[in-house]
>>> print(open('structure-v3.csv').read())   # CSV, C-alpha atoms
chain,number,residue,atom,x,y,z
O,54,LEU,CA,0.0,0.0,0.0
O,55,HIS,CA,2.8,2.4,0.9
O,56,LEU,CA,4.1,2.2,-2.7
O,57,ILE,CA,1.0,3.9,-4.1
O,58,PRO,CA,1.5,7.7,-4.3
O,59,ASN,CA,-0.5,9.4,-1.6
O,60,VAL,CA,-0.8,12.6,0.4
O,61,MET,CA,-2.2,13.4,3.9
O,62,ILE,CA,-5.5,15.2,3.4
O,63,GLY,CA,-6.4,15.9,7.1
O,64,GLU,CA,-6.1,15.1,10.8
O,65,VAL,CA,-8.5,14.1,13.5
O,66,GLU,CA,-7.4,15.3,17.0
O,67,THR,CA,-3.6,14.9,17.2
O,68,ARG,CA,-2.5,11.4,16.0
O,69,GLN,CA,-5.2,10.3,13.6
O,70,THR,CA,-4.6,11.0,10.0
O,71,THR,CA,-6.5,10.6,6.7
O,72,ARG,CA,-4.5,10.0,3.5
O,73,ILE,CA,-5.7,10.0,-0.1
O,74,TYR,CA,-4.2,7.3,-2.3
O,75,PHE,CA,-3.9,7.6,-6.1
O,76,PRO,CA,-3.6,4.2,-7.7
O,77,LYS,CA,-3.5,5.7,-11.3
O,78,LEU,CA,-0.1,7.3,-10.4
O,79,TYR,CA,1.4,3.9,-9.4
O,80,THR,CA,3.8,2.3,-11.9
O,81,ARG,CA,6.0,-0.8,-11.5
O,82,GLU,CA,8.9,1.0,-13.1
O,83,ASP,CA,8.9,3.9,-10.6
O,84,ARG,CA,7.7,2.2,-7.4
O,85,LEU,CA,8.8,5.1,-5.1
O,86,ARG,CA,7.1,7.8,-7.2
O,87,TYR,CA,6.0,10.9,-5.3
O,88,VAL,CA,3.0,13.2,-5.9
O,89,THR,CA,4.5,16.1,-7.8
O,90,GLN,CA,4.0,19.8,-7.2
O,91,ASP,CA,2.0,20.1,-10.4
O,92,GLN,CA,-0.3,17.3,-9.2
O,93,LEU,CA,-0.6,18.9,-5.7
O,94,LYS,CA,-1.6,22.1,-7.4
O,95,LYS,CA,-4.2,20.3,-9.5
O,96,LEU,CA,-5.4,18.5,-6.3
O,97,TYR,CA,-6.1,21.7,-4.4
O,98,ASP,CA,-7.3,23.9,-7.3
O,99,SER,CA,-9.5,21.4,-9.1
O,100,CYS,CA,-10.6,19.1,-6.2
O,101,THR,CA,-10.1,20.2,-2.6
O,102,ARG,CA,-11.2,23.9,-2.9
O,103,PRO,CA,-14.2,23.2,-5.2
O,104,ALA,CA,-15.4,20.5,-2.8
O,105,VAL,CA,-15.1,22.9,0.2
O,106,ILE,CA,-17.1,25.6,-1.7
O,107,GLU,CA,-19.9,23.1,-2.4
O,108,THR,CA,-19.9,21.8,1.2
O,109,ILE,CA,-19.3,24.7,3.4
O,110,GLY,CA,-19.4,27.7,1.0
O,111,ALA,CA,-20.0,30.2,3.9
O,112,HIS,CA,-16.6,29.2,5.3
O,113,ALA,CA,-14.7,29.0,2.0
O,114,SER,CA,-13.1,32.4,2.6
O,115,HIS,CA,-10.9,30.8,5.3
O,116,TRP,CA,-9.3,28.7,2.6
O,117,PRO,CA,-6.5,30.0,0.3
O,118,PRO,CA,-7.7,31.0,-3.2
O,119,SER,CA,-5.2,28.7,-4.9
O,120,TYR,CA,-2.3,26.3,-4.3
O,121,GLU,CA,0.3,28.8,-5.4
O,122,ALA,CA,-1.2,31.5,-3.1
O,123,ALA,CA,-1.1,29.0,-0.2
O,124,MET,CA,2.6,28.1,-0.9
O,125,SER,CA,3.5,31.8,-1.1
O,126,MET,CA,1.6,32.6,2.1
O,127,TYR,CA,3.1,29.7,4.1
O,128,ARG,CA,6.7,30.0,2.9
O,129,GLY,CA,9.0,31.9,5.3
O,130,SER,CA,11.9,34.2,4.5
O,131,ARG,CA,14.4,31.4,4.8
O,132,GLY,CA,12.5,29.1,2.5
O,133,GLY,CA,10.8,26.9,5.1
O,134,LEU,CA,7.1,26.2,5.1
O,135,HIS,CA,4.9,27.2,8.0
O,136,PRO,CA,1.5,25.8,7.0
O,137,GLY,CA,-1.7,26.5,8.8
O,138,SER,CA,-4.8,24.3,9.1
O,139,VAL,CA,-8.5,24.8,8.4
O,140,ALA,CA,-11.2,22.5,9.9
O,141,ILE,CA,-14.3,21.0,8.3
O,142,PRO,CA,-17.2,20.5,10.7
O,143,SER,CA,-17.6,16.9,11.7
O,144,ASP,CA,-21.3,16.8,10.7
O,145,GLN,CA,-20.3,17.8,7.1
O,146,LEU,CA,-17.4,15.5,6.6
O,147,ARG,CA,-19.5,12.9,4.8
O,148,GLU,CA,-20.8,15.5,2.3
O,149,PHE,CA,-17.3,16.9,1.8
O,150,GLY,CA,-15.9,13.4,1.2
O,151,SER,CA,-18.5,12.7,-1.4
O,152,HIS,CA,-17.9,16.0,-3.3
O,153,PHE,CA,-14.2,15.5,-3.0
O,154,ILE,CA,-14.2,12.0,-4.5
O,155,GLU,CA,-16.5,13.2,-7.3
O,156,LYS,CA,-13.9,16.0,-8.2
O,157,LEU,CA,-11.1,13.5,-8.0
O,158,ASP,CA,-12.8,11.1,-10.5
O,159,GLN,CA,-13.0,14.0,-13.0
O,160,VAL,CA,-9.2,14.2,-13.1
O,161,PRO,CA,-7.7,11.3,-15.1
O,162,GLU,CA,-4.7,10.7,-12.9
O,163,PHE,CA,-6.8,11.0,-9.7
O,164,LYS,CA,-9.6,8.7,-10.8
O,165,GLY,CA,-10.2,5.8,-8.5
O,166,ALA,CA,-8.6,7.5,-5.5
O,167,PHE,CA,-9.5,6.2,-2.0
O,168,PHE,CA,-9.1,7.2,1.6
O,169,VAL,CA,-6.9,5.5,4.2
O,170,HIS,CA,-7.4,6.3,7.9
O,171,GLU,CA,-4.7,5.7,10.4
O,172,PHE,CA,-5.3,6.0,14.1
O,173,CYS,CA,-2.2,6.1,16.3
O,174,GLY,CA,-2.7,5.6,20.0
O,175,TYR,CA,-0.8,7.1,22.9
O,176,LYS,CA,1.3,4.9,25.2
O,177,GLY,CA,-1.0,4.1,28.1
O,178,ALA,CA,-3.9,6.2,26.9
O,179,THR,CA,-6.3,3.2,26.8
O,180,ALA,CA,-4.4,0.9,29.2
O,181,HIS,CA,-6.9,-1.5,30.9
O,182,GLN,CA,-7.1,-4.8,32.7
O,183,PRO,CA,-7.6,-7.8,30.3
O,184,THR,CA,-11.3,-8.2,31.1
O,185,LEU,CA,-14.2,-7.9,28.7
O,186,ALA,CA,-15.8,-5.0,30.5
O,187,ASP,CA,-12.5,-3.0,30.6
O,188,SER,CA,-11.8,-3.9,27.0
O,189,LEU,CA,-15.1,-2.6,25.8
O,190,HIS,CA,-14.6,0.7,27.7
O,191,ALA,CA,-11.1,1.2,26.3
O,192,PHE,CA,-12.2,0.3,22.8
O,193,GLY,CA,-15.1,2.8,22.9
O,194,SER,CA,-12.7,5.5,24.2
O,195,PHE,CA,-10.2,4.8,21.4
O,196,THR,CA,-12.7,4.8,18.6
O,197,ARG,CA,-14.9,7.6,19.7
O,198,CYS,CA,-14.0,9.6,16.6
O,199,LEU,CA,-15.2,6.9,14.2
O,200,ASP,CA,-18.6,6.8,12.6
O,201,HIS,CA,-19.2,3.1,13.2
O,202,ASP,CA,-22.3,3.0,10.9
O,203,ARG,CA,-20.1,3.9,7.9
O,204,ILE,CA,-17.2,1.5,8.3
O,205,ASP,CA,-16.8,-2.2,7.7
O,206,PRO,CA,-14.9,-3.6,10.7
O,207,GLU,CA,-13.3,-6.3,8.5
O,208,ASP,CA,-11.6,-3.5,6.4
O,209,TRP,CA,-9.9,-2.0,9.5
O,210,TRP,CA,-7.0,-3.4,11.5
O,211,VAL,CA,-5.9,-2.7,15.0
O,212,ASP,CA,-3.0,-3.6,17.2
O,213,VAL,CA,-4.0,-5.0,20.5
O,214,GLY,CA,-1.4,-5.3,23.3
O,215,LEU,CA,-0.9,-7.3,26.4
O,216,GLU,CA,1.8,-6.0,28.9
O,217,VAL,CA,3.1,-8.1,31.7
O,218,HIS,CA,4.4,-6.3,34.8
O,219,GLN,CA,6.1,-7.2,38.1
O,220,GLN,CA,6.7,-4.4,40.5
O,221,GLY,CA,10.4,-3.5,40.9
O,222,GLN,CA,11.6,-6.1,38.4
O,223,ILE,CA,12.8,-6.5,34.8
O,224,LEU,CA,10.8,-9.0,32.8
O,225,LEU,CA,12.3,-10.6,29.7
O,226,TRP,CA,10.8,-13.1,27.3
O,227,SER,CA,12.5,-16.6,27.3
O,228,ARG,CA,13.8,-17.5,23.8
O,229,HIS,CA,13.5,-21.2,24.7
O,230,ASP,CA,9.7,-20.9,25.3
O,231,HIS,CA,8.7,-19.2,22.1
O,232,ASN,CA,6.9,-22.4,21.1
O,233,ARG,CA,4.6,-22.2,24.1
O,234,LEU,CA,4.0,-18.5,23.6
O,235,LEU,CA,3.1,-19.1,19.9
O,236,GLU,CA,0.7,-21.9,20.9
O,237,TYR,CA,-1.1,-19.4,23.2
O,238,ILE,CA,-1.2,-16.7,20.4
O,239,PHE,CA,-2.3,-19.2,17.7
O,240,PRO,CA,-4.4,-21.9,19.5
O,241,GLU,CA,-5.9,-23.0,16.2
O,242,CYS,CA,-2.5,-23.9,14.8
O,243,SER,CA,-0.8,-27.3,15.2
O,244,SER,CA,2.7,-28.0,16.5
O,245,ASN,CA,3.9,-28.4,12.9
O,246,ASP,CA,2.4,-25.0,12.0
O,247,ILE,CA,4.2,-23.4,15.0
O,248,GLU,CA,7.5,-24.9,13.9
O,249,LYS,CA,7.0,-23.7,10.3
O,250,MET,CA,6.3,-20.2,11.6
O,251,GLN,CA,9.6,-20.1,13.4
O,252,ARG,CA,11.5,-21.3,10.4
O,253,SER,CA,9.8,-18.9,8.0
O,254,ARG,CA,11.5,-15.8,6.6
O,255,ALA,CA,8.8,-13.7,8.1
O,256,PHE,CA,9.8,-14.7,11.6
O,257,LYS,CA,12.3,-12.2,12.9
O,258,LEU,CA,14.1,-13.0,16.2
O,259,ASP,CA,15.0,-10.1,18.4
O,260,CYS,CA,17.7,-11.1,20.9
O,261,LYS,CA,18.0,-8.8,23.9
O,262,SER,CA,21.3,-7.0,24.4
O,263,GLY,CA,23.1,-9.8,22.5
O,264,LEU,CA,22.0,-12.4,25.1
O,265,ASP,CA,20.6,-15.5,23.3
O,266,ASP,CA,18.5,-16.6,26.3
O,267,PHE,CA,16.4,-13.4,26.2
O,268,ALA,CA,14.5,-12.7,23.0
O,269,GLY,CA,11.3,-11.5,21.5
O,270,PHE,CA,10.2,-11.7,17.9
O,271,HIS,CA,8.1,-10.0,15.3
O,272,GLY,CA,6.7,-10.5,11.8
O,273,GLU,CA,3.7,-11.4,9.6
O,274,ILE,CA,4.0,-14.9,11.0
O,275,GLY,CA,0.3,-15.8,11.4
O,276,LYS,CA,-0.9,-14.5,8.0
O,277,GLY,CA,-3.0,-17.2,6.3
O,278,PRO,CA,-6.4,-18.8,6.1
O,279,ARG,CA,-6.2,-20.4,9.5
O,280,THR,CA,-5.8,-17.3,11.6
O,281,ASP,CA,-7.1,-13.7,11.8
O,282,ILE,CA,-3.8,-12.4,13.2
O,283,VAL,CA,-1.7,-10.9,10.5
O,284,TYR,CA,1.2,-9.5,12.5
O,285,ALA,CA,2.8,-10.2,15.9
O,286,ASN,CA,5.3,-8.1,17.9
O,287,VAL,CA,6.7,-9.6,21.1
O,288,TYR,CA,9.2,-7.3,22.8
O,289,HIS,CA,10.4,-5.6,26.0
O,290,THR,CA,9.8,-2.2,27.4
O,291,ASP,CA,13.1,-1.7,29.2
O,292,LYS,CA,14.3,0.1,26.0
O,293,THR,CA,12.3,3.2,27.2
O,294,PRO,CA,15.3,5.1,28.8
O,295,MET,CA,17.4,4.9,25.6
O,296,TYR,CA,14.8,4.7,22.8
O,297,GLN,CA,15.3,7.7,20.5
O,298,LEU,CA,13.8,8.5,17.1
O,299,HIS,CA,16.4,11.2,16.6
O,300,LYS,CA,20.2,11.0,16.7
O,301,GLY,CA,20.9,11.4,20.4
O,302,VAL,CA,23.4,10.0,22.8
O,303,PHE,CA,22.1,6.4,22.2
O,304,ARG,CA,22.5,6.6,18.4
O,305,PHE,CA,24.3,4.0,16.4
O,306,ARG,CA,28.1,4.5,16.6
O,307,THR,CA,30.8,4.1,14.0
O,308,GLY,CA,34.6,4.3,14.0
O,309,GLU,CA,34.3,8.0,13.1
O,310,ASP,CA,33.3,8.7,16.7
O,311,LEU,CA,36.9,7.7,17.7
O,312,TYR,CA,38.5,10.4,15.5
O,313,PRO,CA,40.5,13.0,17.5
O,314,SER,CA,38.0,15.7,16.5
O,315,LYS,CA,35.0,13.7,17.8
O,316,ILE,CA,36.3,11.5,20.7
O,317,GLN,CA,35.8,14.1,23.4
O,318,GLN,CA,32.1,14.4,22.5
O,319,PHE,CA,31.9,10.6,22.4
O,320,LEU,CA,33.4,10.4,26.0
O,321,LYS,CA,30.8,13.0,27.2
O,322,ASP,CA,28.0,10.9,25.6
O,323,ILE,CA,29.3,7.8,27.4
O,324,ASN,CA,29.2,9.6,30.7
O,325,THR,CA,25.7,10.7,30.0
O,326,MET,CA,24.6,7.2,29.2
O,327,THR,CA,26.3,6.0,32.4
O,328,GLU,CA,24.3,8.5,34.4
O,329,ILE,CA,21.1,7.3,32.8
O,330,PHE,CA,21.8,3.7,33.6
O,331,ILE,CA,22.7,4.6,37.2
O,332,ALA,CA,19.4,6.5,37.5
O,333,CYS,CA,17.7,3.3,36.2
O,334,VAL,CA,19.1,1.3,39.2
O,335,GLY,CA,17.2,3.6,41.6
O,336,ASP,CA,18.1,4.7,45.1
O,337,GLU,CA,15.9,3.4,47.9
O,338,ASP,CA,17.5,5.7,50.5
O,339,ALA,CA,16.7,8.8,48.3
O,340,GLY,CA,13.2,7.5,47.6
O,341,ARG,CA,13.9,6.8,43.9
O,342,PRO,CA,12.4,3.4,42.8
O,343,PRO,CA,14.3,1.5,40.0
O,344,GLN,CA,13.3,1.6,36.4
O,345,GLU,CA,11.2,-1.5,35.7
O,346,GLY,CA,10.9,-3.4,32.5
O,347,CYS,CA,7.8,-5.2,31.2
O,348,THR,CA,7.3,-7.8,28.5
O,349,ARG,CA,4.7,-6.9,25.9
O,350,LEU,CA,2.8,-8.8,23.2
O,351,GLU,CA,1.0,-7.0,20.4
O,352,LEU,CA,-1.2,-8.6,17.8
O,353,ARG,CA,-2.7,-7.0,14.7
O,354,VAL,CA,-6.3,-8.2,14.1
O,355,PRO,CA,-9.5,-7.1,12.3
O,356,LEU,CA,-11.3,-4.3,14.2
O,357,ASN,CA,-14.2,-6.6,14.9
O,358,LEU,CA,-11.9,-8.9,17.0
O,359,ALA,CA,-10.2,-6.1,18.9
O,360,GLN,CA,-12.6,-6.3,21.9
O,361,SER,CA,-12.3,-10.1,22.4
O,362,ILE,CA,-8.6,-11.0,21.9
O,363,LEU,CA,-6.0,-11.3,24.7
O,364,LEU,CA,-8.7,-11.4,27.4
O,365,ASP,CA,-8.1,-13.3,30.6
O,366,PRO,CA,-4.5,-14.4,29.8
O,367,PRO,CA,-3.0,-17.5,31.4
O,368,VAL,CA,-1.0,-15.9,34.2
O,369,GLU,CA,0.9,-19.1,35.0
O,370,LEU,CA,2.0,-19.6,31.4
O,371,LEU,CA,3.2,-16.0,31.3
O,372,ARG,CA,5.2,-16.6,34.4
O,373,GLU,CA,6.8,-19.6,32.9
O,374,VAL,CA,7.8,-18.0,29.6
O,375,THR,CA,9.5,-15.0,31.1
O,376,TYR,CA,12.6,-14.3,33.2
O,377,MET,CA,12.6,-12.0,36.1
O,378,ILE,CA,15.8,-10.0,36.9
O,379,SER,CA,16.7,-7.5,39.5
O,380,PRO,CA,17.1,-3.9,38.1
O,381,LEU,CA,20.5,-3.7,39.9
O,382,VAL,CA,21.7,-6.7,38.0
O,383,TRP,CA,20.2,-5.7,34.6
O,384,TRP,CA,21.2,-2.0,34.5
>>> encode(input="structure-v3.csv", output="structure tokens")
Amino acid sequence: LHLIPNVMIGEVETRQTTRIYFPKLYTREDRLRYVTQDQLKKLYDSCTRPAVIETIGAHASHWPPSYEAAMSMYRGSRGGLHPGSVAIPSDQLREFGSHFIEKLDQVPEFKGAFFVHEFCGYKGATAHQPTLADSLHAFGSFTRCLDHDRIDPEDWWVDVGLEVHQQGQILLWSRHDHNRLLEYIFPECSSNDIEKMQRSRAFKLDCKSGLDDFAGFHGEIGKGPRTDIVYANVYHTDKTPMYQLHKGVFRFRTGEDLYPSKIQQFLKDINTMTEIFIACVGDEDAGRPPQEGCTRLELRVPLNLAQSILLDPPVELLREVTYMISPLVWW
């Protein structure tokens, strides 16, 4: 899907985006083709703005008169873009969507375009106990922005997580018990199926800190006619203190960091990392508890199964397939 040229058309709240995909722009020869500036101009001038005028004409004056006018208005003195945003009332989104698709179908390269909605949750925002009542409440909170009467749950996929916690401890998945964990995740699969999963190219083993005894895994290992689970991610949360999306002190290092011009900064970064690990150990006398680590299991399933999966997990099994290590030893 990501190979089809697309653009983000709007947002709902803060982490929920809607993109418009253009299958007519996809070619096998140029699989990473982007939507060009000329096409973006045509998208706004011929489709977006006309659809806005037909839907909320009284508010159309809040929208830029053309794509070129918008780019000129949003571009700063140093060349960077500082775009603004304009909202469409929620009760008129359906009408706008219909007008927008009609306009798109009138442009040859946009014909057949379709929407894709992506909802990204916040860590812990819908955390709940693995019971049916709590699951229903969390599901309702997470999907409150959706118009459930207009969607087919089988066309939507959601990641459902189960996190295992022990106060004051670091929990790690046992690599030697992946069979038992997979049997719990895929109860409809035979032992032979489980063995094949682990031998498949889709099964990616994630050893912890280079230690073979501790490992999670991920991949599209359950995809097939016998299971509704299309993706599994089994991992650890002790990465939190050093997980960075940007290039920070925990970035990947190369030999260049040892050059005379860079080694002093490298040594400073090592000291910073050391201080972070010391903080993770905690200090009981100072009232600072240690940094804990949980094991976590996430499964991607159709939306209609989101409220019924990973309920009432087998606590004894989860104890047996995890290691428990003191933070003092681990950090």
>>> closest_residue(input="structure-v3.csv", among="O:Gly132, O:Pro313, O:Pro367, O:Pro355", to="O:Glu207", atoms="all atoms listed in the file")
O:Pro355
>>> closest_residue(input="structure-v3.csv", among="O:Ile106, O:Val213, O:Leu371, O:Ala191", to="O:Leu235", atoms="all atoms listed in the file")
O:Leu371
>>> closest_residue(input="structure-v3.csv", among="O:Leu224, O:Ala332, O:Leu364, O:Leu298", to="O:Ser379", atoms="all atoms listed in the file")
O:Leu224
>>> closest_residue(input="structure-v3.csv", among="O:Glu121, O:Tyr175, O:Arg72, O:Ala339", to="O:Asp91", atoms="only C-alpha atoms")
O:Glu121
>>> residues_around(input="structure-v3.csv", residues="O:His218", least_positions_apart="5", cutoff="10 Å", atoms="only C-alpha atoms", output="PyMOL selection string")
chain O and resi 223-224+345-349
>>> atom_distance(input="structure-v3.csv", atom1="atom CA of O:Glu148", atom2="atom CA of O:Val60")
20.3 Å
